[in-house]
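Enquirer: Take this structure, written in structure tokens, and hold onto it; I'll ask about it next.
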There are 2 protein chains.
Amino acid sequence: MTLHPVLIAGEWRAAQSRRSFRSENPALGEQLPGEYPISDWADIDAALGAATAAAAELRTSPPERIAAFLDAYAARIDARKAELVDVAHAETGLPKAPRLADVELPRTTGQLRQAAAATREGSWALPTIDTKLNIRSVLAAIGPVWVFGPNNFPFAFNSIAGGDFAAALAAGNPVIAKANSSHPGTTRLLAEEAHLAATEVGLPPGTVQLLYRTSHEDGERLVADPRTGATGYTGSRSAGLKLKAAADAAGKPIYLELSAVNPVLILPGALAERGAALVDEFATSSLMGTGQFCTNPSLVVLVAGEGTEQFIAGVRARFEAAQPTPLLSSAVLRSLGESVSALQTAGASLVTGGGPATPGYRFCNTLLRVAGDAFLADPERLQTEAFGNAALLVVARDARQLAALVEQFDGSLTGGFYTDTRGSDDALYAELEPLLRPRVGRLLNDKMPTGVAVTAAMNHGGPYPSTGHPGFTAVGIPAALRRFAMLQCYDNVRPARLPALLRDLPPNDRLFRWVDGEWRRGPLPSA
Amino acid sequence: MTLHPVLIAGEWRAAQSRRSFRSENPALGEQLPGEYPISDWADIDAALGAATAAAAELRTSPPERIAAFLDAYAARIDARKAELVDVAHAETGLPKAPRLADVELPRTTGQLRQAAAATREGSWALPTIDTKLNIRSVLAAIGPVWVFGPNNFPFAFNSIAGGDFAAALAAGNPVIAKANSSHPGTTRLLAEEAHLAATEVGLPPGTVQLLYRTSHEDGERLVADPRTGATGYTGSRSAGLKLKAAADAAGKPIYLELSAVNPVLILPGALAERGAALVDEFATSSLMGTGQFCTNPSLVVLVAGEGTEQFIAGVRARFEAAQPTPLLSSAVLRSLGESVSALQTAGASLVTGGGPATPGYRFCNTLLRVAGDAFLADPERLQTEAFGNAALLVVARDARQLAALVEQFDGSLTGGFYTDTRGSDDALYAELEPLLRPRVGRLLNDKMPTGVAVTAAMNHGGPYPSTGHPGFTAVGIPAALRRFAMLQCYDNVRPARLPALLRDLPPNDRLFRWVDGEWRRGPLPSA
């Protein structure tokens, strides 16, 4: 069996590698054809060298080249859709339709096209001009960006096609993608199209590169390498925190999306008003994608009572009626089992599920419950992330206990409230919202968190430990681009030497600039 | 002698402290009256508790209260100007006029008033609204902010009156100031006025607090405390990196301004065209404030030749003709001597100066030179920061060597080029600028870096190790406020529950919001 080549400096070349890995079909628990290299440092070094050269060239090239690449790449993904969906389905077990073909792939190409539009316009970079002092500043490319994509979105968060990739490119940076080991074949197909699109529009050869995997030691070394500009990482907390420590020690920005339990508080009035609908809404959201979303609602808080017991019975019935769908890998299966055990050890009891299922890597749809008092006795362990189709219901003794529960919540990507429409929950909402608000990135009302719209107003981020910094979002253009940028000021610099975004005459008529205290379009007042 | 009280929870109270310190008059090398406590953890804990309560209250209070405080505080500083200038002069040795009275104090009150205007308007928070999906996001207060101010700006970067203080408050956060140990008396007077202004406008009692000093261990603990929102630190690289490591490990944002050599390249045409004027410009900038500016030009690069020898002779004459002015403390004097020795050990030779002077803590105005070849042999040690009135001239073998030199530069706050007005340096500029640009936060043309204008377009930041993150600036409103904020998204949240900046009807008619892809003022299109 031949080892798949890596993409370095604009060429598919044999990896410098002494080890390899294969991917699996998790729905069946079988190995898939194809062997992928675990690159040595020599590959990483070569990729960083090529990316550094590309970064220098991109700095003085018009944004239109990158925009054209992003558009061409999106068109190529659309054209190869059937094959991409087949391979991603085989590697992840996610349904071809609607998930992969109708939701995730269009979202991916949509992100690339939105990124293209943002880079053409330039407003993302917050150009700022003081006309009286002739001081001007703008966010600009930060240098080679490493992207470590997660296992759960083979397209939309793919290292070489997803949100971080699009954002880093659109901010003017070359990207070195580190494939997720659970879908290397999908990543290979995407990289082929990215490479062809980059060649087509004439991007420098080190702009888009792919390695499949590295050792953990080399991972910690590469995020800290002097040539690295920044890193985007989405994945497990333990691996992410090791990379963070290495990058932090070298003063290299790293943006992490780690884990979250995404608490949902169902207040008593909402439960009384529309309990059956909430069962449906929660069960659907909870089991979607086999629960493998960063924003899966895996901790639900209710107040003890008859309605809550009916809710639990309803969810249990839904969980038991649904066939367990595949998990992404044997590692996810093992980790889910361990998390469910840890929750039980900490005091939660099983309502349903709790063990593996067949065929392949599956786990019975799992519901656990714990009393509010027990939660307060061990809040840390009872917030163990159970990534997959498992959820924990916390049953508060009474409404007065809710505040104490919320005050124990760790940072999460999202948090939500369900309240009734007649105002009976409003006083409780007013008490609890100020406690939950600073603990989550996105606050929802009457809505489950699993839909992450790609809009400028989205925040797919949140307080530590859900991410590494609460000021940034991984989804949403233009804000996501600003992560991969440095602030560059020009003080008294001669007009012809200024970058296009800061010249008296702007490069396009849509560009907004903060000029003397106002967002303005068009030429400078004096120009 | 009584120990000065600390300001905790709205009261001046006796510190929990077993150790104390005094400040000195560095111009004379004599201790000043007044004994200041080194607080135990009990003080820190109490301050964090009060700040946490204040943060919760501030979150729902109108920005006008903070704005009114900032304005009232600025007015109080103006009213107590004479005493403030006297005490700051005694503690720092900086001239009363023009420096303290006519430059730094007005700059400080100007910053506070700019911050007040920014918080009233709200555009700093980049409110972003998707009207179709009803998703809205905004930057919001991050929680209690610690400010560690530096020794070199007793007013404008003071922990309880300077840029970080103003930015953190204006972003809606309480501040706990940790005074710089070299000017506790100045800080005490400022804190008195801050406290009175806060009381006057009715801010929560934990909004503005002051501790004079803590142990290093407690410093590392407090930046990582769960109640801490973020930290702003300006000071020495070694102490800053210890705080950074502690904050990073806890996932707490910390913004650092550490050190910089601020390279200036004088290209051959500029030297030929106006060598005598450049001697004057450089010597003035280099010795200003006894060279104790973060943006002091302490590394100047020239090309070997007759003009360069004349430049060096000219600067030497200026350095020798000027009486050395006082350094800020005995620690600065000691550190400067060590740095100058380290530069000599690494291969630089003294042109003039190199040793201490009297009275008090002074050092002879010091000029060193080193050949480009020697610099390239040990670039790290030859970029040792010499904080104070010392500068290193690097004499390149020829113009071709300049690129190699620039490629060895560490991250700095600023970097500049002097070029001639007839275009003879343009080709060299075009070659070198792409190498220098990513290494500095602010790029200058034909201008020394020591003037840091407080304007929205300023970047007082730069790549590591000059700061901890190249995307942020410590000076410049509104950008400086965004450091002390978290991104908060509201997804499907009911209208009455939205924060003022995100409601359909904006709280004021100056506010800009990014609505459906454009910066707009006024009500939402649908409203």
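Ordering of the structure tokens sets the chain letters (A, B, ...); residue numbers start at 1 within each chain; ligands are numbered from 1 in the order shown.
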Please determine the contact residues of chain B with respect to chain A at a cut-off of 6 Å, counting only C-alpha atoms, and supply them as a list in words.

Expert: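 Written out as asked, the residues are Thr128, Ile129, Asp130, Ile135, Arg136, Ser137, Gly251, Gly441, Arg442, Leu443, Leu444, Asn445, Ala457, Asn459, Tyr464, Gly468, Pro470, Gly471, Met486, Leu487, Gln488, Cys489, Tyr490, Asp491, Asn492 and Val493 of chain B.
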
Enquirer: Please extract the residues of stretch 246-416 of chain A with a backbone DSSP assignment of alpha helix (DSSP H) and present them as a PyMOL selection string.

Expert: chain A and resi 246-249+268-287+306-321+330-345+372-377+402-406

Enquirer: Rank nothing, just name the residue among A:Glu91, A:Glu257, A:Asp164, A:Glu431 nearest to A:Leu481, using only C-alpha atoms.

Expert: A:Asp164

Enquirer: Write out as a list in words the residues lying within 8 Å of B:Phe293, counting only C-alpha atoms and excluding same-chain residues fewer than 4 positions away.

Expert: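 Result of the neighbour search: Asn152, Gly289, Phe387, Gly388 and Thr450 of chain B.
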
Enquirer: Produce a file of the selected residues containing N, CA and C atoms, as a short mmCIF file (atom, residue, chain, number, x, y, z; two decimals), in the first residue's frame.

Expert:
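And here's out_30.cif as it stands now:
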data_model
loop_
_atom_site.label_atom_id
_atom_site.label_comp_id
_atom_site.auth_asym_id
_atom_site.auth_seq_id
_atom_site.Cartn_x
_atom_site.Cartn_y
_atom_site.Cartn_z
N ASN B 152 7.58 54.88 34.38
CA ASN B 152 8.06 56.03 33.62
C ASN B 152 7.01 57.09 33.27
N GLY B 289 13.29 62.63 28.55
CA GLY B 289 12.86 61.79 29.67
C GLY B 289 13.97 60.87 30.15
N PHE B 387 17.30 50.48 29.18
CA PHE B 387 16.25 51.44 29.51
C PHE B 387 16.88 52.64 30.21
N GLY B 388 16.91 53.75 29.51
CA GLY B 388 17.55 54.95 30.05
C GLY B 388 18.28 55.68 28.94
N THR B 450 9.35 58.83 19.76
CA THR B 450 9.01 59.12 21.15
C THR B 450 7.67 59.81 21.37
#

Enquirer: At what distance in Å, to one decimal, does atom CA of B:Ala391 lie from atom CA of B:Gly411?

Expert: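 If I compute the distance from atom CA of B:Gly411 to atom CA of B:Ala391, I get 17.6 Å.
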
Enquirer: If we count only C-alpha atoms and set the cut-off at 9 Å, which residues sit around A:Val303, ignoring sequence neighbours fewer than 3 positions away in its own chain? Please answer as a PyMOL selection string.

Expert: chain A and resi 266-268+307-308+372+394-399+401-402

Enquirer: Could you give me the residues within stretch 89-183 of chain A that DSSP places in strand (DSSP E or B), as a PyMOL selection string?

Expert: chain A and resi 128-130+135-141+145-148+175-178

Enquirer: Could you list, as a list in words, every residue within 8 Å of B:Ala346, counting only C-alpha atoms and ignoring same-chain residues fewer than 4 positions away?

Expert: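 Result of the neighbour search: Ala342, Asp378, Arg381 and Leu382 of chain B.
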
Enquirer: Restricting it to C-alpha atoms, dump the selection as a compact mmCIF listing (two decimals), in the first residue's frame.

Expert:
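Contents of the output file selection.txt:
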# COMPACT_ATOMS: atom_id res chain seq x y z
CA ALA B 342 26.17 43.45 28.44
CA ASP B 378 25.28 38.06 18.36
CA ARG B 381 22.56 40.15 23.16
CA LEU B 382 23.07 43.26 21.05

Enquirer: Can you tell me, as a PyMOL selection string, what residues are no more than 10 Å from A:Gln111 when counting only C-alpha atoms, ignoring any on the same chain fewer than 4 positions away?

Expert: chain A and resi 70+74+105-107+115-117+156+161-167+454-455+475-477

Enquirer: Which one of B:Trp41, B:Phe157, B:Pro359, B:Leu501 sits closest to B:Trp124 if you count only C-alpha atoms?

Expert: B:Leu501

Enquirer: Check the smallest atom-to-atom distance from each of B:Ser215, B:Asn365, B:Thr231, B:Ser526 to B:Ile176 using only C-alpha atoms, then report the winner.

Expert: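 That would be B:Thr231, the residue with the smallest distance to B:Ile176.
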
Enquirer: Skipping near chain neighbours, those fewer than 2 positions away, what residues fall within 10 Å of B:Ala194 using only C-alpha atoms, listed as a PyMOL selection string?

Expert: chain B and resi 69-70+72-74+76-77+160-161+188-192+196-200+207-209

Enquirer: Go through A:Glu306, A:Glu35, A:Glu320, A:Glu24 and flag the residue nearest A:Thr2, using only C-alpha atoms for the distances.

Expert: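 For A:Thr2, the nearest of the candidates is A:Glu35.
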